[in-house]
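Q: File entry-v1.pdb below, PDB, C-alpha atoms:
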ATOM      1  CA  MET H   1    -192.341 178.743-199.285
ATOM      2  CA  ILE H   2    -193.635 175.295-200.347
ATOM      3  CA  ARG H   3    -195.344 174.555-203.626
ATOM      4  CA  ASP H   4    -196.445 171.199-204.956
ATOM      5  CA  LEU H   5    -194.902 169.770-208.098
ATOM      6  CA  VAL H   6    -196.933 167.147-209.926
ATOM      7  CA  LEU H   7    -195.579 164.799-212.599
ATOM      8  CA  PRO H   8    -197.822 164.096-215.564
ATOM      9  CA  LEU H   9    -200.327 161.403-214.588
ATOM     10  CA  ALA H  10    -199.107 159.089-217.319
ATOM     11  CA  ILE H  11    -195.589 159.052-215.884
ATOM     12  CA  ALA H  12    -196.760 158.595-212.316
ATOM     13  CA  ALA H  13    -199.028 155.744-213.358
ATOM     14  CA  THR H  14    -196.150 153.977-215.059
ATOM     15  CA  PHE H  15    -194.400 153.453-211.738
ATOM     16  CA  VAL H  16    -197.146 153.307-209.154
ATOM     17  CA  MET H  17    -197.383 149.505-209.181
ATOM     18  CA  ALA H  18    -193.629 148.823-209.336
ATOM     19  CA  PRO H  19    -192.335 146.866-206.350
ATOM     20  CA  ALA H  20    -189.551 148.270-204.169
ATOM     21  CA  SER H  21    -186.628 146.090-203.100
ATOM     22  CA  ALA H  22    -185.076 145.859-199.634
ATOM     23  CA  THR H  23    -182.877 148.778-200.637
ATOM     24  CA  ASP H  24    -183.357 151.145-203.552
ATOM     25  CA  LEU H  25    -180.851 153.511-205.103
ATOM     26  CA  LEU H  26    -181.700 157.154-205.776
ATOM     27  CA  VAL H  27    -179.784 158.663-208.693
ATOM     28  CA  GLY H  28    -179.714 162.377-209.448
ATOM     29  CA  ASN H  29    -179.459 162.962-213.219
ATOM     30  CA  LYS H  30    -177.964 166.451-213.486
ATOM     31  CA  SER H  31    -178.668 167.095-217.161
ATOM     32  CA  ALA H  32    -182.147 165.527-217.080
ATOM     33  CA  ASP H  33    -183.423 167.463-214.047
ATOM     34  CA  ASN H  34    -184.777 164.383-212.332
ATOM     35  CA  VAL H  35    -184.069 161.603-209.854
ATOM     36  CA  TRP H  36    -184.492 157.938-210.704
ATOM     37  CA  ARG H  37    -185.255 155.288-208.093
ATOM     38  CA  LEU H  38    -183.591 151.986-209.029
ATOM     39  CA  SER H  39    -184.187 148.597-207.462
ATOM     40  CA  THR H  40    -180.905 147.203-206.167
ATOM     41  CA  LYS H  41    -182.122 143.716-207.105
ATOM     42  CA  ASN H  42    -181.501 144.341-210.781
ATOM     43  CA  GLY H  43    -181.143 148.070-211.482
ATOM     44  CA  GLU H  44    -184.730 148.381-212.730
ATOM     45  CA  ARG H  45    -186.198 151.880-212.582
ATOM     46  CA  VAL H  46    -189.166 151.747-210.217
ATOM     47  CA  ALA H  47    -189.932 155.473-209.888
ATOM     48  CA  GLU H  48    -188.977 158.875-211.259
ATOM     49  CA  PHE H  49    -189.147 162.299-209.608
ATOM     50  CA  ALA H  50    -188.972 165.689-211.323
ATOM     51  CA  THR H  51    -186.572 168.173-209.681
ATOM     52  CA  GLY H  52    -185.376 171.678-210.320
ATOM     53  CA  GLN H  53    -182.564 172.336-212.779
ATOM     54  CA  GLY H  54    -179.220 170.667-212.110
ATOM     55  CA  PRO H  55    -179.884 168.324-209.168
ATOM     56  CA  HIS H  56    -176.481 168.003-207.499
ATOM     57  CA  GLU H  57    -176.749 166.244-204.119
ATOM     58  CA  ILE H  58    -179.188 163.887-202.377
ATOM     59  CA  VAL H  59    -179.742 163.111-198.689
ATOM     60  CA  VAL H  60    -182.274 160.556-197.414
ATOM     61  CA  SER H  61    -184.103 160.931-194.089
ATOM     62  CA  GLY H  62    -183.381 158.400-191.349
ATOM     63  CA  ASP H  63    -186.951 157.089-191.490
ATOM     64  CA  ASN H  64    -186.770 156.788-195.309
ATOM     65  CA  ARG H  65    -189.945 158.863-195.698
ATOM     66  CA  PHE H  66    -188.359 161.616-197.803
ATOM     67  CA  ALA H  67    -185.169 162.746-199.514
ATOM     68  CA  LEU H  68    -183.772 166.191-200.227
ATOM     69  CA  VAL H  69    -182.275 167.213-203.566
ATOM     70  CA  SER H  70    -180.278 170.420-204.052
ATOM     71  CA  ASN H  71    -181.159 172.231-207.293
ATOM     72  CA  TYR H  72    -177.881 173.916-208.206
ATOM     73  CA  GLY H  73    -179.148 175.268-211.512
ATOM     74  CA  GLY H  74    -177.383 175.714-214.823
ATOM     75  CA  ALA H  75    -177.113 178.882-216.912
ATOM     76  CA  THR H  76    -179.581 180.306-214.404
ATOM     77  CA  PRO H  77    -178.532 179.670-210.776
ATOM     78  CA  GLY H  78    -180.882 177.508-208.743
ATOM     79  CA  HIS H  79    -182.500 178.701-205.512
ATOM     80  CA  SER H  80    -184.361 175.662-204.238
ATOM     81  CA  ILE H  81    -184.436 172.192-202.711
ATOM     82  CA  THR H  82    -186.794 169.492-203.953
ATOM     83  CA  VAL H  83    -188.287 167.227-201.291
ATOM     84  CA  LEU H  84    -189.004 163.743-202.662
ATOM     85  CA  GLU H  85    -191.954 162.089-200.939
ATOM     86  CA  LEU H  86    -190.639 158.517-201.071
ATOM     87  CA  GLY H  87    -193.960 156.904-200.182
ATOM     88  CA  THR H  88    -195.597 158.508-203.215
ATOM     89  CA  PRO H  89    -194.237 157.658-206.691
ATOM     90  CA  GLY H  90    -193.281 160.941-208.315
ATOM     91  CA  GLY H  91    -194.485 163.004-205.324
ATOM     92  CA  THR H  92    -192.474 166.156-204.608
ATOM     93  CA  ARG H  93    -192.610 169.581-203.014
ATOM     94  CA  THR H  94    -190.187 172.490-203.225
ATOM     95  CA  ILE H  95    -188.440 174.636-200.608
ATOM     96  CA  ASP H  96    -187.552 178.095-201.919
ATOM     97  CA  LEU H  97    -184.203 179.363-200.572
ATOM     98  CA  GLY H  98    -184.833 182.984-201.514
ATOM     99  CA  GLY H  99    -181.670 184.877-202.397
ATOM    100  CA  ASN H 100    -179.391 181.964-201.534
ATOM    101  CA  ALA H 101    -178.282 180.698-204.940
ATOM    102  CA  LYS H 102    -176.518 177.516-206.072
ATOM    103  CA  PRO H 103    -177.362 175.129-203.224
ATOM    104  CA  HIS H 104    -175.052 172.131-203.194
ATOM    105  CA  GLY H 105    -173.968 170.014-200.204
ATOM    106  CA  MET H 106    -176.618 168.920-197.692
ATOM    107  CA  ARG H 107    -176.994 166.892-194.500
ATOM    108  CA  LEU H 108    -180.000 166.248-192.266
ATOM    109  CA  LEU H 109    -179.647 166.990-188.567
ATOM    110  CA  PRO H 110    -180.352 164.156-186.087
ATOM    111  CA  ASP H 111    -183.861 165.487-185.399
ATOM    112  CA  GLY H 112    -184.739 164.686-189.025
ATOM    113  CA  LYS H 113    -186.601 167.983-189.280
ATOM    114  CA  ARG H 114    -183.814 170.375-190.246
ATOM    115  CA  ALA H 115    -180.979 170.310-192.745
ATOM    116  CA  VAL H 116    -177.728 172.160-193.331
ATOM    117  CA  VAL H 117    -177.198 173.315-196.924
ATOM    118  CA  THR H 118    -174.246 175.045-198.574
ATOM    119  CA  THR H 119    -175.060 177.802-201.064
ATOM    120  CA  GLU H 120    -172.188 178.830-203.318
ATOM    121  CA  GLY H 121    -174.006 181.901-204.589
ATOM    122  CA  SER H 122    -174.468 183.525-201.171
ATOM    123  CA  ARG H 123    -171.465 181.825-199.508
ATOM    124  CA  LYS H 124    -173.598 180.662-196.621
ATOM    125  CA  LEU H 125    -174.390 177.524-194.687
ATOM    126  CA  LEU H 126    -178.157 177.467-194.325
ATOM    127  CA  LEU H 127    -180.183 175.884-191.548
ATOM    128  CA  VAL H 128    -183.374 174.809-193.293
ATOM    129  CA  ASP H 129    -186.619 173.844-191.581
ATOM    130  CA  VAL H 130    -187.701 171.003-193.863
ATOM    131  CA  ALA H 131    -191.147 170.430-192.360
ATOM    132  CA  ASN H 132    -192.186 174.072-192.716
ATOM    133  CA  GLY H 133    -190.238 174.717-195.905
ATOM    134  CA  ARG H 134    -188.261 177.773-194.871
ATOM    135  CA  VAL H 135    -184.728 179.007-194.238
ATOM    136  CA  GLU H 136    -184.263 179.240-190.482
ATOM    137  CA  HIS H 137    -180.816 180.851-190.450
ATOM    138  CA  ALA H 138    -177.928 181.696-192.808
ATOM    139  CA  ILE H 139    -174.401 181.291-191.404
ATOM    140  CA  ASP H 140    -171.663 183.343-193.067
ATOM    141  CA  LEU H 141    -168.747 181.195-194.310
ATOM    142  CA  GLY H 142    -166.484 184.076-195.303
ATOM    143  CA  ASP H 143    -164.300 184.091-198.416
ATOM    144  CA  GLY H 144    -164.637 181.179-200.793
ATOM    145  CA  ARG H 145    -167.622 179.096-201.839
ATOM    146  CA  GLY H 146    -168.774 176.355-199.478
ATOM    147  CA  HIS H 147    -169.292 173.227-201.560
ATOM    148  CA  MET H 148    -169.787 169.986-199.606
ATOM    149  CA  VAL H 149    -170.781 169.542-195.953
ATOM    150  CA  ALA H 150    -170.578 166.775-193.339
ATOM    151  CA  LEU H 151    -171.850 166.590-189.766
ATOM    152  CA  SER H 152    -170.249 165.437-186.538
ATOM    153  CA  ARG H 153    -171.718 162.267-185.048
ATOM    154  CA  ASP H 154    -173.873 164.271-182.602
ATOM    155  CA  GLY H 155    -174.971 166.740-185.268
ATOM    156  CA  ALA H 156    -173.637 169.719-183.316
ATOM    157  CA  THR H 157    -170.864 170.624-185.755
ATOM    158  CA  ALA H 158    -170.728 171.017-189.527
ATOM    159  CA  PHE H 159    -167.613 170.707-191.680
ATOM    160  CA  VAL H 160    -167.585 172.550-195.017
ATOM    161  CA  THR H 161    -165.102 172.293-197.901
ATOM    162  CA  LYS H 162    -164.248 175.073-200.332
ATOM    163  CA  ILE H 163    -162.794 174.063-203.708
ATOM    164  CA  ASP H 164    -161.593 177.536-204.639
ATOM    165  CA  THR H 165    -159.638 178.121-201.402
ATOM    166  CA  GLY H 166    -158.597 174.512-200.747
ATOM    167  CA  THR H 167    -159.833 174.659-197.157
ATOM    168  CA  VAL H 168    -162.141 172.936-194.704
ATOM    169  CA  SER H 169    -164.160 174.922-192.142
ATOM    170  CA  ARG H 170    -165.666 173.974-188.792
ATOM    171  CA  VAL H 171    -169.067 175.493-187.934
ATOM    172  CA  ASP H 172    -170.634 175.372-184.459
ATOM    173  CA  LEU H 173    -174.350 174.945-185.084
ATOM    174  CA  SER H 174    -175.336 175.923-181.553
ATOM    175  CA  THR H 175    -173.706 179.354-181.806
ATOM    176  CA  ARG H 176    -174.259 179.436-185.569
ATOM    177  CA  ALA H 177    -170.745 180.608-186.288
ATOM    178  CA  LYS H 178    -167.635 179.388-188.070
ATOM    179  CA  THR H 179    -164.912 178.619-185.518
ATOM    180  CA  HIS H 180    -162.034 177.323-187.674
ATOM    181  CA  GLU H 181    -160.872 177.264-191.280
ATOM    182  CA  VAL H 182    -157.644 175.514-192.293
ATOM    183  CA  PRO H 183    -155.909 174.434-195.520
ATOM    184  CA  ALA H 184    -156.690 170.861-196.561
ATOM    185  CA  GLY H 185    -155.306 170.659-200.088
ATOM    186  CA  ALA H 186    -155.760 172.240-203.509
ATOM    187  CA  GLY H 187    -159.322 171.727-204.690
ATOM    188  CA  ALA H 188    -160.738 170.498-201.371
ATOM    189  CA  GLU H 189    -164.124 169.052-202.301
ATOM    190  CA  GLY H 190    -165.438 165.828-200.768
ATOM    191  CA  VAL H 191    -165.862 165.583-196.991
ATOM    192  CA  ALA H 192    -167.059 162.854-194.624
ATOM    193  CA  VAL H 193    -166.921 162.126-190.892
ATOM    194  CA  HIS H 194    -165.746 158.685-189.798
ATOM    195  CA  PRO H 195    -168.656 156.954-188.028
ATOM    196  CA  SER H 196    -166.512 155.719-185.095
ATOM    197  CA  THR H 197    -163.545 158.057-184.658
ATOM    198  CA  GLY H 198    -165.221 161.303-185.708
ATOM    199  CA  GLU H 199    -162.202 162.159-187.889
ATOM    200  CA  VAL H 200    -162.910 164.510-190.786
ATOM    201  CA  TRP H 201    -161.772 163.146-194.157
ATOM    202  CA  VAL H 202    -161.375 165.537-197.118
ATOM    203  CA  SER H 203    -160.679 164.662-200.775
ATOM    204  CA  ASN H 204    -158.491 167.287-202.467
ATOM    205  CA  ARG H 205    -158.938 166.948-206.190
ATOM    206  CA  GLU H 206    -156.091 169.102-207.563
ATOM    207  CA  ALA H 207    -153.680 167.907-204.875
ATOM    208  CA  GLY H 208    -154.470 164.235-205.505
ATOM    209  CA  THR H 209    -154.755 163.565-201.782
ATOM    210  CA  VAL H 210    -157.128 162.706-198.970
ATOM    211  CA  THR H 211    -156.427 164.510-195.705
ATOM    212  CA  VAL H 212    -157.603 163.318-192.292
ATOM    213  CA  HIS H 213    -158.353 166.103-189.794
ATOM    214  CA  ASP H 214    -158.869 166.332-186.048
ATOM    215  CA  PRO H 215    -162.576 167.191-185.576
ATOM    216  CA  LYS H 216    -161.902 169.836-182.907
ATOM    217  CA  THR H 217    -158.907 171.700-184.319
ATOM    218  CA  LEU H 218    -158.998 170.559-187.972
ATOM    219  CA  ALA H 219    -155.262 169.887-187.733
ATOM    220  CA  ILE H 220    -154.154 167.433-190.431
ATOM    221  CA  GLN H 221    -153.312 164.069-188.873
ATOM    222  CA  ARG H 222    -152.733 162.049-192.042
ATOM    223  CA  THR H 223    -152.283 162.634-195.763
ATOM    224  CA  ILE H 224    -153.076 159.772-198.142
ATOM    225  CA  LYS H 225    -152.349 159.825-201.882
ATOM    226  CA  SER H 226    -155.297 159.153-204.191
ATOM    227  CA  GLU H 227    -154.155 160.073-207.669
ATOM    228  CA  GLY H 228    -156.402 161.233-210.465
ATOM    229  CA  PHE H 229    -158.660 164.043-209.181
ATOM    230  CA  PRO H 230    -160.229 162.613-205.988
ATOM    231  CA  ILE H 231    -163.669 164.186-205.975
ATOM    232  CA  ARG H 232    -165.765 162.364-203.319
ATOM    233  CA  VAL H 233    -165.094 160.457-200.114
ATOM    234  CA  VAL H 234    -167.602 158.314-198.208
ATOM    235  CA  PHE H 235    -167.415 155.430-195.727
ATOM    236  CA  THR H 236    -168.739 151.916-195.682
ATOM    237  CA  ALA H 237    -171.327 151.362-192.941
ATOM    238  CA  ASP H 238    -168.821 149.656-190.639
ATOM    239  CA  GLY H 239    -166.242 152.422-191.148
ATOM    240  CA  ARG H 240    -163.551 149.927-192.210
ATOM    241  CA  HIS H 241    -163.066 151.524-195.602
ATOM    242  CA  ALA H 242    -163.134 154.999-197.092
ATOM    243  CA  LEU H 243    -164.264 155.094-200.726
ATOM    244  CA  VAL H 244    -162.813 157.791-202.982
ATOM    245  CA  THR H 245    -163.839 158.393-206.604
ATOM    246  CA  ASN H 246    -160.960 159.646-208.737
ATOM    247  CA  ALA H 247    -162.709 161.464-211.577
ATOM    248  CA  ARG H 248    -159.805 161.930-213.994
ATOM    249  CA  ALA H 249    -158.297 158.485-213.457
ATOM    250  CA  ALA H 250    -161.770 156.854-213.520
ATOM    251  CA  THR H 251    -160.941 154.711-210.519
ATOM    252  CA  LEU H 252    -162.215 154.050-207.013
ATOM    253  CA  SER H 253    -159.648 154.120-204.209
ATOM    254  CA  VAL H 254    -160.513 151.826-201.310
ATOM    255  CA  ILE H 255    -158.702 153.039-198.185
ATOM    256  CA  ASP H 256    -158.222 150.954-195.046
ATOM    257  CA  THR H 257    -159.190 153.378-192.270
ATOM    258  CA  ASP H 258    -156.993 151.645-189.679
ATOM    259  CA  LYS H 259    -153.872 151.593-191.840
ATOM    260  CA  TYR H 260    -154.619 154.880-193.659
ATOM    261  CA  GLU H 261    -153.539 153.387-196.964
ATOM    262  CA  VAL H 262    -155.103 152.446-200.295
ATOM    263  CA  VAL H 263    -155.660 148.687-200.309
ATOM    264  CA  HIS H 264    -157.645 148.373-203.563
ATOM    265  CA  THR H 265    -157.959 150.419-206.755
ATOM    266  CA  VAL H 266    -161.032 149.604-208.839
ATOM    267  CA  ALA H 267    -161.068 150.538-212.549
ATOM    268  CA  LEU H 268    -164.359 152.246-213.474
ATOM    269  CA  SER H 269    -163.734 153.009-217.164
ATOM    270  CA  ARG H 270    -164.805 150.349-219.672
ATOM    271  CA  PRO H 271    -162.584 149.636-222.704
ATOM    272  CA  GLY H 272    -164.340 150.315-225.997
ATOM    273  CA  VAL H 273    -167.102 152.439-224.473
ATOM    274  CA  GLU H 274    -167.569 155.856-226.058
ATOM    275  CA  TYR H 275    -168.071 158.326-223.206
ATOM    276  CA  ARG H 276    -169.648 161.714-223.802
ATOM    277  CA  GLU H 277    -168.005 165.084-223.224
ATOM    278  CA  THR H 278    -167.616 166.037-219.565
ATOM    279  CA  MET H 279    -165.752 168.709-217.624
ATOM    280  CA  LEU H 280    -162.665 166.485-218.087
ATOM    281  CA  GLY H 281    -163.201 165.865-221.815
ATOM    282  CA  SER H 282    -164.615 162.638-223.230
ATOM    283  CA  ALA H 283    -164.399 160.535-220.083
ATOM    284  CA  ALA H 284    -166.161 158.143-217.720
ATOM    285  CA  LEU H 285    -166.063 160.771-214.953
ATOM    286  CA  PRO H 286    -167.104 158.857-211.809
ATOM    287  CA  ILE H 287    -168.409 161.231-209.144
ATOM    288  CA  GLY H 288    -171.060 160.063-206.673
ATOM    289  CA  VAL H 289    -170.359 156.907-204.670
ATOM    290  CA  ILE H 290    -172.281 155.129-201.907
ATOM    291  CA  ALA H 291    -172.086 151.833-200.018
ATOM    292  CA  ASP H 292    -175.137 149.600-199.711
ATOM    293  CA  PRO H 293    -175.773 149.025-195.971
ATOM    294  CA  LYS H 294    -177.467 145.658-196.544
ATOM    295  CA  GLN H 295    -175.436 144.060-199.336
ATOM    296  CA  PRO H 296    -171.688 143.720-200.063
ATOM    297  CA  ARG H 297    -171.921 146.339-202.786
ATOM    298  CA  VAL H 298    -170.819 149.842-203.657
ATOM    299  CA  TYR H 299    -172.444 152.001-206.350
ATOM    300  CA  ALA H 300    -170.555 154.626-208.367
ATOM    301  CA  ALA H 301    -172.191 157.162-210.702
ATOM    302  CA  ILE H 302    -170.416 157.174-214.083
ATOM    303  CA  SER H 303    -171.414 160.638-215.250
ATOM    304  CA  GLY H 304    -169.838 160.364-218.705
ATOM    305  CA  GLY H 305    -171.497 157.033-219.407
ATOM    306  CA  ASP H 306    -174.991 157.608-218.002
ATOM    307  CA  GLU H 307    -174.734 154.511-215.859
ATOM    308  CA  ILE H 308    -174.107 153.122-212.402
ATOM    309  CA  ALA H 309    -171.117 150.834-211.836
ATOM    310  CA  VAL H 310    -172.020 148.077-209.357
ATOM    311  CA  ILE H 311    -168.995 146.971-207.332
ATOM    312  CA  ASP H 312    -168.783 143.704-205.392
ATOM    313  CA  THR H 313    -166.926 144.479-202.139
ATOM    314  CA  LYS H 314    -165.928 140.850-201.553
ATOM    315  CA  GLN H 315    -163.616 140.988-204.544
ATOM    316  CA  TRP H 316    -163.607 144.752-205.186
ATOM    317  CA  LYS H 317    -164.563 144.366-208.833
ATOM    318  CA  VAL H 318    -167.255 145.854-211.044
ATOM    319  CA  VAL H 319    -169.902 143.169-211.607
ATOM    320  CA  ASP H 320    -172.677 145.077-213.392
ATOM    321  CA  HIS H 321    -173.736 148.373-214.988
ATOM    322  CA  TRP H 322    -177.186 149.946-214.697
ATOM    323  CA  LYS H 323    -178.656 152.549-217.028
ATOM    324  CA  THR H 324    -179.442 156.011-215.656
ATOM    325  CA  GLY H 325    -180.671 159.322-216.996
ATOM    326  CA  ARG H 326    -178.341 161.946-218.425
ATOM    327  CA  GLU H 327    -175.253 162.755-216.296
ATOM    328  CA  PRO H 328    -175.785 160.843-213.021
ATOM    329  CA  ASP H 329    -173.997 162.293-210.011
ATOM    330  CA  ALA H 330    -175.647 162.328-206.577
ATOM    331  CA  LEU H 331    -176.660 159.014-204.974
ATOM    332  CA  GLY H 332    -178.805 158.012-202.017
ATOM    333  CA  ILE H 333    -179.957 154.735-200.466
ATOM    334  CA  VAL H 334    -183.567 154.053-199.439
ATOM    335  CA  GLU H 335    -183.897 151.134-197.004
TER
END
Output the file's structure in the form of C-alpha cells.
A:
Amino acid sequence: MIRDLVLPLAIAATFVMAPASATDLLVGNKSADNVWRLSTKNGERVAEFATGQGPHEIVVSGDNRFALVSNYGGATPGHSITVLELGTPGGTRTIDLGGNAKPHGMRLLPDGKRAVVTTEGSRKLLLVDVANGRVEHAIDLGDGRGHMVALSRDGATAFVTKIDTGTVSRVDLSTRAKTHEVPAGAGAEGVAVHPSTGEVWVSNREAGTVTVHDPKTLAIQRTIKSEGFPIRVVFTADGRHALVTNARAATLSVIDTDKYEVVHTVALSRPGVEYRETMLGSAALPIGVIADPKQPRVYAAISGGDEIAVIDTKQWKVVDHWKTGREPDALGIVE
C-alpha cells in the first residue's frame, strides 16, 4: 500500500530554493523522525523529509532519484519504509510492510526496482517491490533477528547478520531460501561486501572483532581486532580501506583491506563536549559511517552529540562538525 505524506507547506517552502552540491549527505535522525539533507560543501541543511518513527537505515538508488528509509519504530514497532523523492524537497511516500515489524537493514537490488529488507519483528528478509509499494516475498531467516544486510556484487545473494545469535547468514535470492548460517562473533551487527573481492566483512560488537568470510561458504578467512564495540563496517569507493565505527571507544578504525590490519584509529569524541545519554551512557556513540565517492572525506554520525564528524582521508583526522537533528544514525550519499 502507498500513501502520500506531505510536509507542512511552510517547511517545504523553506528548502525549495536551496541549492544542492555535487554530493549531498542524507542523515537519519532517529529521535526526530526525519531525514536531513546536508550540502557537503559546508554542512548546510538544504532539505528535510518527514519519516515514520525511528528511522534506522538509509539506502539511495543508483540513479539518485529516491532513497529508502526503514522505520523501525519505538515503543510501538514500525511496519513501514519511507521513500524519499529526492527531486522534490520534502516529498515522500510510504510502503506498508503489513505484519512485518521492526524493519532495519536494507539494500536495493541491481534493477533499482526492488529492495531486500530485514524485519526483526517477523524474523524475515523481505523482497520489496519499491515501484508498486508492496511486499513481494518474505524469506524465513530462522532463529534470531536479522539486523543488517549486504548484497553480493551481482545482487544474487544476500548476507544477513544477527546480533542476538552472533551469526551471519547467506540467502540465495533466486531460490528465496537461506543456504548457510555460521558464527561470526558475539554481537554480529555490521556487514559489507568488498567491491572487488566479494569477501563478506562483519563487525562483531561484543567480540571486538571484524571477521572476513568467504562469500560462498561463509568460512572465516581472517579475524581483525577492532576494540570498543565495532558497530558498522563500510568500504571506501576504491575498496582500499574498510571503515569501522567503534561505538563504545568513540573511534573509527581504518583497515587496510590488502594487509587486513588497522592502519589508522581516528578519535571521534571531543574533549569538553557534554554528550547526551545513549545506550552506552553519556557518550559520543558514533554509529553510521560513509565515504564520499567524490571527495577525500568520510562522514560519521555522532549519535550522542547530534552532529556529523567530517574526516579528511588524506590525514585521517576530523576537520569539521556539522549539526544534525536528534540522534543521527543512518547515512546516505546523493550524487
Q: Give me the residues within 7 Å of Ala47 of chain H as a list in words, counting all atoms listed in the file and dropping any in the same chain fewer than 5 places off.
A: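 My list of contacting residues is Phe15, Trp36, Arg37, Pro89 and Gly90 of chain H.
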Q: Quick one: residues within 6 Å of Leu38 of chain H, only C-alpha atoms counted, chain neighbours fewer than 2 positions away excluded, as a PyMOL selection string?
A: chain H and resi 24-25+43-46
Q: Between atom CA of Ser203 of chain H and atom CA of Asp140 of chain H, what distance in Å does the model show, to one decimal?
A: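 These atoms are spaced 23.0 Å apart.
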Q: Return as a tab-separated table the residues of segment 56-137 of chain H lying at most 8 Å from segment 150-174 of chain H, together with the closest atom-to-atom pair for each and the distance in Å to one decimal, counting all atoms listed in the file, with rows in chain order and ascending residue number.
A:
residue	atom	partner	partner_atom	distance
H:Met106	CA	H:Ala150	CA	7.7
H:Arg107	CA	H:Ala150	CA	6.5
H:Leu109	CA	H:Gly155	CA	5.7
H:Pro110	CA	H:Gly155	CA	6.0
H:Thr118	CA	H:Val160	CA	8.0
Q: What residues come out when you apply the PyMOL selection byres ((chain H and resi 276) around 12) to this file, written as an MDAnalysis selection string?
A: chainID H and resid 273:275 277:285 302:307 326:327
Q: Extract segment 192-204 of chain H from the preceding block and save N, CA and C atoms as a JSON list (two decimals), in the first residue's frame.
A:
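Generated file (out-v8.json):
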[["chain", "number", "residue", "atom", "x", "y", "z"],
["H", 192, "ALA", "N", 29.26, -5.87, 5.22],
["H", 192, "ALA", "CA", 29.51, -5.23, 3.93],
["H", 192, "ALA", "C", 30.26, -6.20, 3.04],
["H", 193, "VAL", "N", 30.06, -6.07, 1.73],
["H", 193, "VAL", "CA", 30.73, -6.91, 0.74],
["H", 193, "VAL", "C", 31.80, -6.09, 0.05],
["H", 194, "HIS", "N", 33.03, -6.61, 0.02],
["H", 194, "HIS", "CA", 34.13, -5.89, -0.61],
["H", 194, "HIS", "C", 33.83, -5.72, -2.10],
["H", 195, "PRO", "N", 33.98, -4.50, -2.64],
["H", 195, "PRO", "CA", 33.59, -4.26, -4.02],
["H", 195, "PRO", "C", 34.40, -5.01, -5.07],
["H", 196, "SER", "N", 35.61, -5.46, -4.75],
["H", 196, "SER", "CA", 36.44, -6.19, -5.72],
["H", 196, "SER", "C", 36.50, -7.68, -5.45],
["H", 197, "THR", "N", 36.75, -8.06, -4.21],
["H", 197, "THR", "CA", 36.96, -9.48, -3.88],
["H", 197, "THR", "C", 35.66, -10.22, -3.61],
["H", 198, "GLY", "N", 34.62, -9.50, -3.24],
["H", 198, "GLY", "CA", 33.36, -10.15, -2.87],
["H", 198, "GLY", "C", 33.36, -10.71, -1.47],
["H", 199, "GLU", "N", 34.46, -10.54, -0.72],
["H", 199, "GLU", "CA", 34.51, -11.04, 0.66],
["H", 199, "GLU", "C", 33.43, -10.35, 1.51],
["H", 200, "VAL", "N", 32.93, -11.10, 2.48],
["H", 200, "VAL", "CA", 31.90, -10.58, 3.38],
["H", 200, "VAL", "C", 32.56, -10.19, 4.70],
["H", 201, "TRP", "N", 32.48, -8.91, 5.04],
["H", 201, "TRP", "CA", 33.08, -8.39, 6.27],
["H", 201, "TRP", "C", 31.98, -8.15, 7.29],
["H", 202, "VAL", "N", 32.20, -8.61, 8.53],
["H", 202, "VAL", "CA", 31.20, -8.50, 9.60],
["H", 202, "VAL", "C", 31.85, -7.86, 10.82],
["H", 203, "SER", "N", 31.21, -6.83, 11.39],
["H", 203, "SER", "CA", 31.69, -6.24, 12.65],
["H", 203, "SER", "C", 30.92, -6.86, 13.81],
["H", 204, "ASN", "N", 31.68, -7.40, 14.78],
["H", 204, "ASN", "CA", 31.11, -8.13, 15.91],
["H", 204, "ASN", "C", 31.31, -7.30, 17.18]]
